[in-house]
Each structure stands twice: as structure tokens, then as C-alpha cells.
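Printed here is data-v6.txt (compact mmCIF, C-alpha atoms):
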# COMPACT_ATOMS: atom_id res chain seq x y z
CA MET A 1 6.53 24.88 5.38
CA HIS A 2 7.71 21.54 6.79
CA GLU A 3 4.63 21.45 9.03
CA TYR A 4 2.52 21.15 5.87
CA SER A 5 4.36 17.95 4.84
CA VAL A 6 3.97 16.47 8.32
CA ALA A 7 0.26 17.36 8.44
CA GLU A 8 -0.29 15.89 4.99
CA GLY A 9 1.49 12.70 6.04
CA ILE A 10 -0.70 12.35 9.11
CA VAL A 11 -3.91 12.95 7.16
CA LEU A 12 -2.86 10.45 4.46
CA SER A 13 -2.09 7.92 7.19
CA VAL A 14 -5.48 8.44 8.86
CA LYS A 15 -7.20 7.92 5.50
CA SER A 16 -5.26 4.71 4.85
CA LEU A 17 -5.86 3.43 8.38
CA MET A 18 -9.59 4.09 8.01
CA ARG A 19 -9.60 1.82 4.97
CA GLU A 20 -7.42 -0.84 6.62
CA GLU A 21 -9.52 -0.92 9.80
CA GLY A 22 -12.87 -0.57 8.07
CA LEU A 23 -13.78 2.67 9.87
CA SER A 24 -16.63 4.69 8.43
CA GLU A 25 -15.77 7.78 10.47
CA VAL A 26 -12.88 9.10 12.55
CA SER A 27 -13.73 11.23 15.55
CA GLU A 28 -10.39 11.82 17.30
CA VAL A 29 -6.72 11.52 16.37
CA THR A 30 -3.90 11.91 18.90
CA VAL A 31 -0.50 13.02 17.64
CA SER A 32 2.63 13.13 19.77
CA VAL A 33 5.22 15.78 18.91
CA GLY A 34 8.74 15.50 20.29
CA ASP A 35 10.23 18.95 20.88
CA LEU A 36 13.40 18.01 18.94
CA ALA A 37 11.36 18.24 15.70
CA GLN A 38 10.76 21.97 16.38
CA ILE A 39 7.23 21.74 15.01
CA ASP A 40 4.97 24.75 15.44
CA LYS A 41 2.04 22.97 17.07
CA GLU A 42 -0.52 25.70 16.39
CA VAL A 43 0.37 25.71 12.71
CA LEU A 44 0.29 21.90 12.63
CA LEU A 45 -3.17 21.83 14.24
CA GLU A 46 -4.52 24.39 11.80
CA LEU A 47 -3.09 22.51 8.82
CA LEU A 48 -4.49 19.21 10.09
CA LYS A 49 -7.96 20.74 10.21
CA ILE A 50 -7.65 22.25 6.71
CA LEU A 51 -6.20 19.11 5.13
CA SER A 52 -8.75 16.84 6.85
CA SER A 53 -11.46 18.80 5.17
CA GLU A 54 -9.63 18.79 1.79
CA TYR A 55 -9.08 15.00 1.99
CA GLY A 56 -12.71 14.37 2.92
CA LEU A 57 -12.11 13.21 6.49
CA GLY A 58 -14.74 15.55 7.89
CA ASN A 59 -14.72 17.04 11.33
CA VAL A 60 -11.89 15.21 13.11
CA LYS A 61 -10.74 16.37 16.54
CA TYR A 62 -6.94 16.43 16.67
CA VAL A 63 -5.19 16.22 20.03
CA ILE A 64 -1.51 17.21 19.96
CA VAL A 65 0.58 16.01 22.87
CA SER A 66 4.02 17.56 23.44
CA GLU A 67 6.80 15.24 24.48
CA GLU A 68 10.16 16.29 25.85
CA THR A 69 13.07 14.84 23.89
CA THR A 70 15.70 13.18 26.08
CA PHE A 71 18.98 11.52 25.16
CA LYS A 72 21.36 9.00 26.72
CA CYS A 73 24.99 8.76 25.70
CA ASN A 74 25.99 5.27 24.55
CA TYR A 75 29.59 6.04 25.47
CA CYS A 76 29.52 7.57 28.99
CA GLY A 77 25.89 6.98 30.05
CA PHE A 78 25.09 10.67 30.59
CA SER A 79 21.44 11.71 30.12
CA TRP A 80 20.15 15.13 29.06
CA SER A 81 17.18 16.86 27.49
CA TRP A 82 16.84 18.81 24.24
CA SER A 83 15.56 21.84 26.17
CA SER A 84 18.84 22.04 28.11
CA VAL A 85 20.96 22.39 24.94
CA LYS A 86 18.45 23.67 22.38
CA ASP A 87 19.52 27.33 22.46
CA SER A 88 23.20 26.67 21.76
CA ILE A 89 22.50 24.06 19.04
CA LEU A 90 19.99 26.31 17.29
CA LYS A 91 22.41 29.22 17.50
CA ASP A 92 24.95 27.08 15.63
CA LEU A 93 22.34 26.07 13.06
CA CYS A 94 20.41 29.30 12.67
CA GLY A 95 22.80 32.04 13.76
CA ASP A 96 21.12 34.89 15.58
CA ILE A 97 17.65 33.98 14.35
CA VAL A 98 15.69 32.27 17.14
CA GLU A 99 14.34 29.49 14.92
CA CYS A 100 14.93 28.53 11.31
CA ASP A 101 14.38 25.75 8.79
CA ASN A 102 17.30 23.55 9.79
CA PRO A 103 18.27 19.93 9.06
CA VAL A 104 17.13 18.68 12.49
CA HIS A 105 13.70 20.27 11.97
CA PHE A 106 13.45 18.42 8.64
CA ILE A 107 14.95 15.11 9.83
CA PRO A 108 15.23 14.87 13.66
CA ASP A 109 17.42 11.76 13.34
CA LEU A 110 20.19 14.03 12.09
CA ILE A 111 20.66 15.45 15.58
CA ASN A 112 23.69 13.15 15.98
CA VAL A 113 25.40 15.09 13.20
CA PHE A 114 24.96 18.45 14.90
CA MET A 115 25.06 17.76 18.66
CA LYS A 116 27.63 16.11 20.93
CA CYS A 117 27.11 14.58 24.36
CA PRO A 118 27.47 17.53 26.79
CA ASN A 119 29.50 15.33 29.14
CA CYS A 120 32.03 13.47 26.96
CA GLY A 121 31.65 14.93 23.47
CA SER A 122 30.59 11.67 21.85
CA GLN A 123 28.14 11.74 18.94
CA ASP A 124 27.00 8.22 19.78
CA TYR A 125 23.83 8.63 21.85
CA SER A 126 20.25 7.42 21.72
CA ILE A 127 16.97 9.31 21.75
CA LEU A 128 15.08 7.99 24.79
CA THR A 129 11.85 9.98 24.59
CA GLY A 130 10.22 12.54 22.37
CA TYR A 131 11.32 11.11 19.07
CA ASP A 132 9.79 12.88 16.07
CA VAL A 133 6.09 13.24 15.31
CA ARG A 134 4.05 10.10 15.90
CA LEU A 135 0.49 9.14 15.25
CA VAL A 136 -0.48 7.73 18.66
CA SER A 137 -4.13 6.75 18.38
CA ILE A 138 -7.24 7.01 16.26
CA LYS A 139 -10.81 6.83 17.56
CA GLY A 140 -13.58 6.10 15.13
CA VAL A 141 -16.64 4.01 14.38
CA LYS A 142 -16.97 1.00 12.08
CA MET B 1 -6.81 1.96 17.81
CA SER B 2 -3.45 2.81 19.39
CA GLY B 3 0.23 2.24 18.58
CA VAL B 4 -0.46 2.95 14.92
CA LYS B 5 2.15 2.90 12.16
CA ASP B 6 4.74 5.52 11.29
CA TYR B 7 3.05 8.20 9.17
CA LYS B 8 6.09 8.28 6.86
CA GLU B 9 5.26 4.75 5.67
CA TYR B 10 2.08 6.04 4.04
CA MET B 11 3.80 9.01 2.47
CA ILE B 12 6.48 6.87 0.81
CA LEU B 13 3.96 5.15 -1.45
CA ASP B 14 2.48 8.51 -2.35
CA LYS B 15 5.85 10.07 -3.23
CA LEU B 16 7.04 7.10 -5.33
CA ARG B 17 3.83 6.94 -7.36
CA GLY B 18 5.19 9.01 -10.26
CA ILE B 19 8.31 6.88 -10.76
CA LYS B 20 8.06 4.39 -13.63
CA ARG B 21 11.11 2.34 -12.66
CA ALA B 22 13.62 2.28 -9.81
CA VAL B 23 17.06 0.75 -10.41
CA LEU B 24 19.34 -0.04 -7.47
CA ILE B 25 23.09 0.13 -8.04
CA GLY B 26 25.02 -1.84 -5.43
CA SER B 27 28.01 -4.01 -4.80
CA GLY B 28 28.65 -4.95 -1.21
CA LYS B 29 32.19 -3.69 -1.67
CA GLY B 30 33.26 -0.07 -1.34
CA GLY B 31 35.41 1.83 -3.83
CA VAL B 32 34.33 -0.04 -6.94
CA GLY B 33 32.70 2.94 -8.66
CA LYS B 34 29.00 2.50 -7.87
CA SER B 35 28.48 6.25 -7.69
CA THR B 36 30.43 6.80 -10.91
CA ILE B 37 28.33 4.21 -12.74
CA THR B 38 25.16 5.78 -11.29
CA ALA B 39 26.23 9.25 -12.43
CA LEU B 40 27.16 7.94 -15.90
CA LEU B 41 23.77 6.23 -16.21
CA GLY B 42 21.97 9.38 -15.09
CA LEU B 43 23.82 11.66 -17.50
CA ARG B 44 23.46 9.31 -20.44
CA MET B 45 19.75 8.79 -19.78
CA ARG B 46 19.29 12.54 -19.60
CA ASN B 47 21.14 12.94 -22.94
CA LEU B 48 18.78 10.39 -24.45
CA GLY B 49 15.76 12.38 -23.29
CA ILE B 50 14.84 10.05 -20.42
CA SER B 51 13.70 11.80 -17.24
CA VAL B 52 15.88 10.59 -14.39
CA GLY B 53 16.50 11.15 -10.70
CA ILE B 54 19.25 9.89 -8.41
CA LEU B 55 18.76 9.07 -4.75
CA ASP B 56 22.16 9.11 -3.08
CA ALA B 57 21.61 6.46 -0.39
CA ASP B 58 25.22 6.40 0.76
CA LEU B 59 24.56 8.24 4.02
CA HIS B 60 28.10 8.03 5.41
CA GLY B 61 29.98 8.45 2.16
CA SER B 62 27.68 10.54 0.00
CA SER B 63 29.48 11.35 -3.23
CA ILE B 64 26.92 11.82 -6.01
CA PRO B 65 26.66 15.62 -5.59
CA TYR B 66 30.46 15.87 -5.54
CA ILE B 67 30.86 13.66 -8.62
CA LEU B 68 28.30 15.76 -10.49
CA GLY B 69 30.11 18.94 -9.54
CA MET B 70 27.67 20.31 -6.94
CA SER B 71 29.00 22.76 -4.38
CA SER B 72 28.99 21.42 -0.80
CA GLU B 73 27.36 24.70 0.27
CA VAL B 74 24.07 23.87 -1.46
CA GLY B 75 21.33 23.21 1.09
CA VAL B 76 17.98 21.50 0.86
CA GLU B 77 14.90 23.49 -0.05
CA ALA B 78 11.69 22.61 1.79
CA VAL B 79 8.58 23.48 -0.19
CA LYS B 80 4.89 22.71 0.23
CA GLY B 81 4.65 18.93 0.52
CA GLY B 82 8.31 18.03 1.01
CA PHE B 83 11.92 18.47 -0.10
CA LYS B 84 12.69 19.75 -3.57
CA PRO B 85 15.40 17.65 -5.26
CA LEU B 86 18.34 19.57 -6.63
CA GLU B 87 18.63 19.63 -10.40
CA ILE B 88 22.19 18.99 -11.61
CA HIS B 89 22.90 18.68 -15.35
CA GLY B 90 19.18 17.95 -15.83
CA ILE B 91 19.12 15.14 -13.24
CA LYS B 92 17.01 15.43 -10.09
CA VAL B 93 19.26 14.60 -7.13
CA MET B 94 18.47 13.98 -3.47
CA SER B 95 21.36 13.45 -1.11
CA LEU B 96 21.96 13.75 2.63
CA ARG B 97 24.84 16.03 1.70
CA MET B 98 22.25 18.72 1.03
CA PHE B 99 21.33 18.54 4.73
CA VAL B 100 24.71 18.05 6.39
CA GLY B 101 27.27 19.51 3.97
CA ASP B 102 30.76 18.20 4.67
CA ARG B 103 30.05 17.05 8.25
CA PRO B 104 30.56 13.38 9.21
CA VAL B 105 27.35 11.42 9.73
CA PRO B 106 27.69 9.16 12.82
CA LEU B 107 24.40 7.24 12.76
CA ARG B 108 23.47 3.84 14.15
CA GLY B 109 21.25 1.42 12.21
CA GLU B 110 17.82 2.51 13.41
CA ARG B 111 18.61 6.18 12.77
CA LYS B 112 19.83 5.38 9.25
CA LYS B 113 16.61 3.56 8.53
CA GLU B 114 14.59 6.59 9.66
CA VAL B 115 16.73 9.03 7.65
CA LEU B 116 16.12 6.98 4.50
CA LYS B 117 12.40 6.84 5.26
CA TYR B 118 12.43 10.64 5.52
CA LEU B 119 14.21 10.99 2.17
CA LEU B 120 11.75 8.58 0.55
CA SER B 121 8.65 10.10 2.13
CA MET B 122 9.50 13.76 1.64
CA THR B 123 11.32 14.02 -1.70
CA LEU B 124 9.17 15.53 -4.43
CA TRP B 125 10.37 13.57 -7.45
CA GLY B 126 7.28 14.27 -9.52
CA THR B 127 7.13 12.03 -12.58
CA LEU B 128 10.30 10.23 -13.62
CA ASP B 129 11.10 7.51 -16.12
CA TYR B 130 13.89 6.23 -13.87
CA LEU B 131 15.00 6.69 -10.29
CA LEU B 132 18.55 5.44 -9.80
CA ILE B 133 19.56 4.53 -6.25
CA ASP B 134 23.24 4.74 -5.44
CA LEU B 135 23.63 2.25 -2.59
CA PRO B 136 26.42 2.33 -0.01
CA PRO B 137 28.78 -0.64 0.43
CA GLY B 138 27.50 -3.48 2.57
CA MET B 139 24.38 -5.57 3.02
CA GLY B 140 22.85 -3.83 6.00
CA ASP B 141 20.32 -1.22 7.06
CA GLU B 142 20.39 0.92 3.94
CA GLN B 143 19.98 -1.97 1.49
CA LEU B 144 17.33 -3.74 3.58
CA THR B 145 15.33 -0.55 4.13
CA LEU B 146 15.36 0.53 0.49
CA MET B 147 14.62 -2.96 -0.82
CA LYS B 148 11.43 -2.93 1.25
CA TYR B 149 10.06 -0.01 -0.78
CA LEU B 150 11.82 -0.21 -4.15
CA LYS B 151 11.29 -3.45 -6.02
CA GLY B 152 13.19 -2.63 -9.22
CA PRO B 153 16.16 -4.39 -10.81
CA HIS B 154 19.67 -4.32 -9.32
CA VAL B 155 22.90 -3.53 -11.10
CA VAL B 156 25.82 -5.22 -9.34
CA VAL B 157 29.15 -3.42 -9.73
CA THR B 158 32.61 -4.87 -9.17
CA ILE B 159 36.19 -4.15 -10.12
CA PRO B 160 38.31 -6.91 -11.71
CA THR B 161 40.12 -8.02 -8.55
CA LYS B 162 39.71 -11.26 -6.60
CA THR B 163 38.69 -9.46 -3.40
CA SER B 164 36.08 -7.28 -5.07
CA ILE B 165 34.59 -10.14 -7.08
CA ASP B 166 34.44 -12.30 -3.94
CA VAL B 167 32.40 -9.66 -2.03
CA SER B 168 30.29 -8.78 -5.05
CA LEU B 169 29.32 -12.40 -5.51
CA ARG B 170 28.12 -12.51 -1.89
CA TYR B 171 26.14 -9.36 -2.59
CA PHE B 172 24.72 -10.99 -5.73
CA LYS B 173 23.56 -13.96 -3.65
CA PHE B 174 22.03 -11.67 -1.00
CA VAL B 175 20.00 -9.75 -3.58
CA ASN B 176 19.15 -12.80 -5.68
CA ASP B 177 17.90 -14.74 -2.62
CA LEU B 178 15.52 -11.89 -1.83
CA GLY B 179 13.97 -12.42 -5.25
CA PHE B 180 15.23 -9.27 -6.98
CA ASN B 181 16.04 -9.23 -10.67
CA ILE B 182 19.76 -8.75 -11.47
CA PRO B 183 19.91 -8.34 -15.25
CA VAL B 184 23.54 -7.29 -15.42
CA ILE B 185 26.89 -7.24 -13.61
CA VAL B 186 29.18 -4.31 -14.34
CA ILE B 187 32.94 -4.84 -14.23
CA ASN B 188 34.34 -1.39 -13.75
CA ASN B 189 37.97 -1.40 -14.78
CA LEU B 190 38.94 1.60 -12.71
CA VAL B 191 42.23 -0.04 -11.72
CA ASN B 192 43.26 -0.28 -15.39
CA SER B 193 44.23 -3.94 -15.12
CA THR B 194 44.05 -6.81 -17.56
CA ILE B 195 40.84 -8.65 -16.86
CA ASP B 196 41.67 -12.19 -15.86
CA ASP B 197 39.68 -14.88 -17.75
CA GLU B 198 39.71 -17.09 -14.68
CA LEU B 199 37.95 -14.40 -12.64
CA LEU B 200 35.37 -13.88 -15.36
CA THR B 201 34.72 -17.60 -15.56
CA LYS B 202 34.16 -17.73 -11.81
CA LEU B 203 31.85 -14.74 -12.01
CA ARG B 204 29.81 -16.30 -14.81
CA LYS B 205 29.56 -19.60 -12.96
CA VAL B 206 28.44 -18.19 -9.61
CA ALA B 207 26.37 -15.32 -10.92
CA PRO B 208 24.64 -16.44 -14.11
CA VAL B 209 23.07 -13.13 -15.08
CA GLY B 210 21.96 -12.08 -18.54
CA LYS B 211 24.89 -9.83 -19.29
CA TYR B 212 28.32 -8.63 -18.11
CA ILE B 213 29.41 -5.18 -19.10
CA ILE B 214 32.99 -3.97 -18.87
CA ILE B 215 33.50 -0.24 -18.34
CA PRO B 216 36.96 0.58 -19.72
CA TYR B 217 39.54 2.54 -17.75
CA CYS B 218 39.21 6.26 -18.34
CA SER B 219 41.55 8.68 -16.59
CA GLU B 220 39.47 11.80 -17.21
CA ILE B 221 36.16 10.38 -15.98
CA GLU B 222 36.04 12.34 -12.74
CA TYR B 223 36.56 15.69 -14.46
CA SER B 224 34.09 14.84 -17.24
CA LEU B 225 31.32 13.92 -14.84
CA SER B 226 31.74 17.07 -12.79
CA THR B 227 31.09 19.09 -15.94
CA GLY B 228 28.12 16.96 -16.93
CA THR B 229 29.80 15.25 -19.87
CA ILE B 230 30.50 11.60 -20.60
CA PRO B 231 33.85 10.44 -22.02
CA LYS B 232 33.34 8.92 -25.49
CA ILE B 233 35.06 5.68 -24.50
CA VAL B 234 32.32 4.76 -22.02
CA ILE B 235 29.23 5.77 -24.03
CA GLU B 236 28.75 2.41 -25.75
CA PRO B 237 29.03 0.29 -22.57
CA ILE B 238 26.68 2.66 -20.74
CA ASP B 239 24.17 2.42 -23.60
CA ASN B 240 24.40 -1.38 -23.29
CA LEU B 241 23.79 -1.04 -19.57
CA ILE B 242 20.68 1.08 -20.20
CA ASP B 243 19.38 -1.62 -22.58
CA CYS B 244 19.81 -4.19 -19.80
CA ILE B 245 17.71 -2.30 -17.27
CA ARG B 246 14.93 -1.11 -19.56
Rewrite the coordinates I just gave you, this time as C-alpha cells.
Amino acid sequence: MHEYSVAEGIVLSVKSLMREEGLSEVSEVTVSVGDLAQIDKEVLLELLKILSSEYGLGNVKYVIVSEETTFKCNYCGFSWSWSSVKDSILKDLCGDIVECDNPVHFIPDLINVFMKCPNCGSQDYSILTGYDVRLVSIKGVK
Amino acid sequence: MSGVKDYKEYMILDKLRGIKRAVLIGSGKGGVGKSTITALLGLRMRNLGISVGILDADLHGSSIPYILGMSSEVGVEAVKGGFKPLEIHGIKVMSLRMFVGDRPVPLRGERKKEVLKYLLSMTLWGTLDYLLIDLPPGMGDEQLTLMKYLKGPHVVVTIPTKTSIDVSLRYFKFVNDLGFNIPVIVINNLVNSTIDDELLTKLRKVAPVGKYIIIPYCSEIEYSLSTGTIPKIVIEPIDNLIDCIR
């Protein structure tokens, strides 16, 4: 369900950017998805196509690029990736279900509430790469 | 075109479209009763037939759901298009507590800004006469982020002590210098002290707002609010406060 909100946000942004940049048509939109957001990329792509049509954007090609989320501890300097800890964190959040609607899926910035640095246990760390869902580029004609 | 803006920025305007007026309740100082005043305003507005929502923007010290008697077990519900606010005593409430429960929230500035942008861009308020924003103490990320998107009037809350009034006056200046309307200062007498004329004179001199409202001490306020009722003693001052922000 959250994928719908993200897709709608992207389509609304593309529409607004078209107006701001004076584009008459958008041909390609690239979206980067950090794996921390746990977004189902196939569902997102499908929803982007449906909503583009509903919002009158026409036949836009969406390119979804996956990005690995990495962290660096501000306390001990240790670096790690979401993929290396994902299973244990999701088990805490979702129980025995493999994936679920969880707070980090809804708001990736809340990861600091639910995960500690694997080296020192601090909750003070930064997201280095793969932050959230980002609109990376738009190609169109004026 | 590359390096385009955060998609949440565009959604925020869309989600706030149905709100007739946003009122920000702040102080600069902690423990002066901002959340209590916000809850009182929300309940009284609801009793008067005004549709009202509360955004609990105190990310580290969220207390609105607790004050209004919500169980800490209640989680957020994601529906088509965003997060459904919880309805407590007829008030629509959005709070980070619905995402994190009783866990501590250790977030640095940039993360806090993004969390607030998520709450603003994803909460399905629908149409509301008033959205009340319960601000945390301070003059930092939360205030600056919310003031970018919500241009409504501010209610400044203080308690009748020198320390609180000193910080609240700095907060007043901070908000006033940014061009926001401050129609009223609330003196919340939660310490049950005699209100010193000298302090009031100083307040009036430094912060010449339209009105000062004193909320009298009320020992049963916490219990009343958790059951969705308002103690009689505070109804009149809260009605005066509503008149100030209309």
C-alpha cells in the first residue's frame, strides 16, 4: 500500500516539474530506490505507469535503479550495509513473516530507532548511500 | 534535468490543501504545558463543532497520544495515498508514537527534518478547520522545518517563572523576526504560583501581543484530558484562546 503513496508522490512531482521547467512532454524518469525503504520495485513500476496515465502524463518510461543502503557509525567509525543486518532487523519488526508494513518501510529515517551499530551498539550513525526513494532525473522536451 | 527535488516536497502541498488554518503552539522552553494547551484547544474546538487535527511534532518527547489517553500499542495504518491519522475523542491525531511506540528516538537534525517531511507529506488529514501543531521545546530543526510549510499563527506558552519567561521571550523574538503572527501568549499556571506583576510587566513590554491568557492551576487536568473532558475551570480561558486564533 505504501508503494502507492510513493508512486503518487513521484508522479505529482513530475507534473509539477514539467510546469516549472516548461516541458511539454516527459519521455523518461529515473528513480533511485535505496533498499532500506523495502519498496517492491515491480509494484512501484506498475503503479507509476498506471498513475502516469491517470494524471495525464502519457507514456513515460520509468527507470528504477536499486541502491544499496550503507551506514557509518558516528561513534566508532564502523561501516556496514543494510543487506548484512536486514534479516535480523526485519525479524524483530515483523516476527516470522519475511516482510511486513513496518515503520522503517514507511519512514526509512526511523532506522536509528530500530537498529544499533553492529560493532559498538550506538544508535548514532549516518546513512551513507541508498537513502530512501529519490527522483534522480527527468528527460523531456520543451 | 538531474538532481531534482525531493518528491515529498510536492506531496506536502497536496496533503495540506484541505486545512483551513494551521496554528503552531510553541515555547522554546520544555515542561510548560504546550501539549496540554494543544490538547485542551483540540478538545474544546471539537466540542464546539470545529473539525480539528493535531500534529504531534515533538519527535523525542511525543506526549499528545498519552495525554489524550491513547494506548502506546496503537500503530499507524497505511492506506491508499498515505497514513491514516488516529481519531481520539473526535480529534485526528498524527504522532511519531504511532510508529515507534515507547522506544527512544535518537535522531540527528537532518533525520528529524526528513521524518517531519514524511509526516506532512503522507498524513491524510482530509478537510479540517484547524490543524494544531504541538511543537517541541527549542528553536531548531523541528520549528524551522515546520515553519517553512505552515504559515499560520503561533501561540507562545510559558509558565509564570523568571526562567520560563526569559526563554519564551527569546522564542517570541525568533518567531516574530521570521514574520509570523503571534496573537496571544498563554501563561499556564501549572506550578500553582502567584503570578508576579513584575514578570507580567516585563512580558508585556518585550512581547507586545494582542492578548495574554492565564490558564489557572487545575490538579485534575491530566485525568480529564485522558478521558476526553475539559475541567470547567479552564473552559473560559480556552474559549478566549480560540477567539484569539480565529
Check your understanding: If you measure from atom CA of Val175 of chain B to atom CA of Ile187 of chain B, what distance in Å do you get, rounded to one decimal?
Key ->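 Spanning atom CA of Val175 of chain B to atom CA of Ile187 of chain B is a straight-line distance of 17.5 Å.
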Check your understanding: With only C-alpha atoms as the atoms that count, which of B:Asp141, B:Asp239, B:Glu73, B:Glu114 lies nearest to chain A?
Key ->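 Distance minimum relative to chain A lands on B:Glu114.
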Using the file's own x, y and z axes, what box holds all listed atoms of segment 204-221 of chain B with 3 Å on each side, keeping edges along x, y and z, and what are its centre and edge lengths in Å to one decimal, as AutoDock Vina command-line options?
--center_x 31.8 --center_y -3.9 --center_z -14.7 --size_x 25.6 --size_y 37.4 --size_z 16.1
Review point. Neighbours of segment 7-23 of chain A within 6 Å (all atoms listed in the file; same-chain residues fewer than 5 positions away dropped), as a count of residues only?
Key: 6
Review point. Quick one: which residues from chain B are at most 7 Å off chain A, using only C-alpha atoms, as a PyMOL selection string?
Key: chain B and resi 1-4+6-8+10-11+78-82+99+104-107+111+114-115+118
Check your understanding: Do you have the atom CA of Asp102 of chain B-atom CA of Gly138 of chain B distance handy?
Key -> 22.0 Å
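In this model, the gap between atom CA of Gly140 of chain B and atom CA of Ile182 of chain B comes to 18.4 Å.
For the residues A:Ser32, A:Asn59, A:Gln38, A:Ser84, ranking by smallest atom-to-atom distance to Cys100 of chain A using all atoms listed in the file places A:Gln38 first.
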**Study point:** Pick from B:Phe172, B:Tyr66, B:Tyr130, B:Tyr149 nearest to Glu9 of chain B, counting all atoms listed in the file
**Key:**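 Ranking B:Phe172, B:Tyr66, B:Tyr130, B:Tyr149 by distance to Glu9 of chain B, first place goes to B:Tyr149.
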Review point. Using all atoms listed in the file, which residues sit within 12 Å of Glu222 of chain B once same-chain residues fewer than 2 positions away are excluded, as a VMD selection string?
Key: chain B and resid 33 35 to 37 39 to 40 63 to 64 66 to 69 190 217 to 220 224 to 231
Review point. Restricting the calculation to all atoms listed in the file, which member of B:Asn240, B:Asn181, B:Asn188, B:Ser95 is positioned closest to Met147 of chain B?
Key: B:Asn181
Check your understanding: Using all atoms listed in the file, which of B:Thr127, B:Thr38, B:Ser71, B:Thr158 sits nearest Ile185 of chain B?
Key -> B:Thr158
Exercise for review: For Asp166 of chain B, list every protein, DNA or RNA residue within 10 Å, evaluated using only C-alpha atoms, and leave out those in the same chain fewer than 3 positions away; present the list as a list in words.
Suggested key: Gly28, Lys29, Thr158, Thr161, Lys162, Thr163, Leu169, Arg170, Tyr171, Phe172, Leu199, Lys202 and Leu203 of chain B
Practice item. Show which residues sit within 9 Å of Ser51 of chain B, as number ranges by chain. Count only C-alpha atoms, and ignore same-chain residues fewer than 3 positions away. Key: B: 42, 45-46, 48, 90-92, 127-131
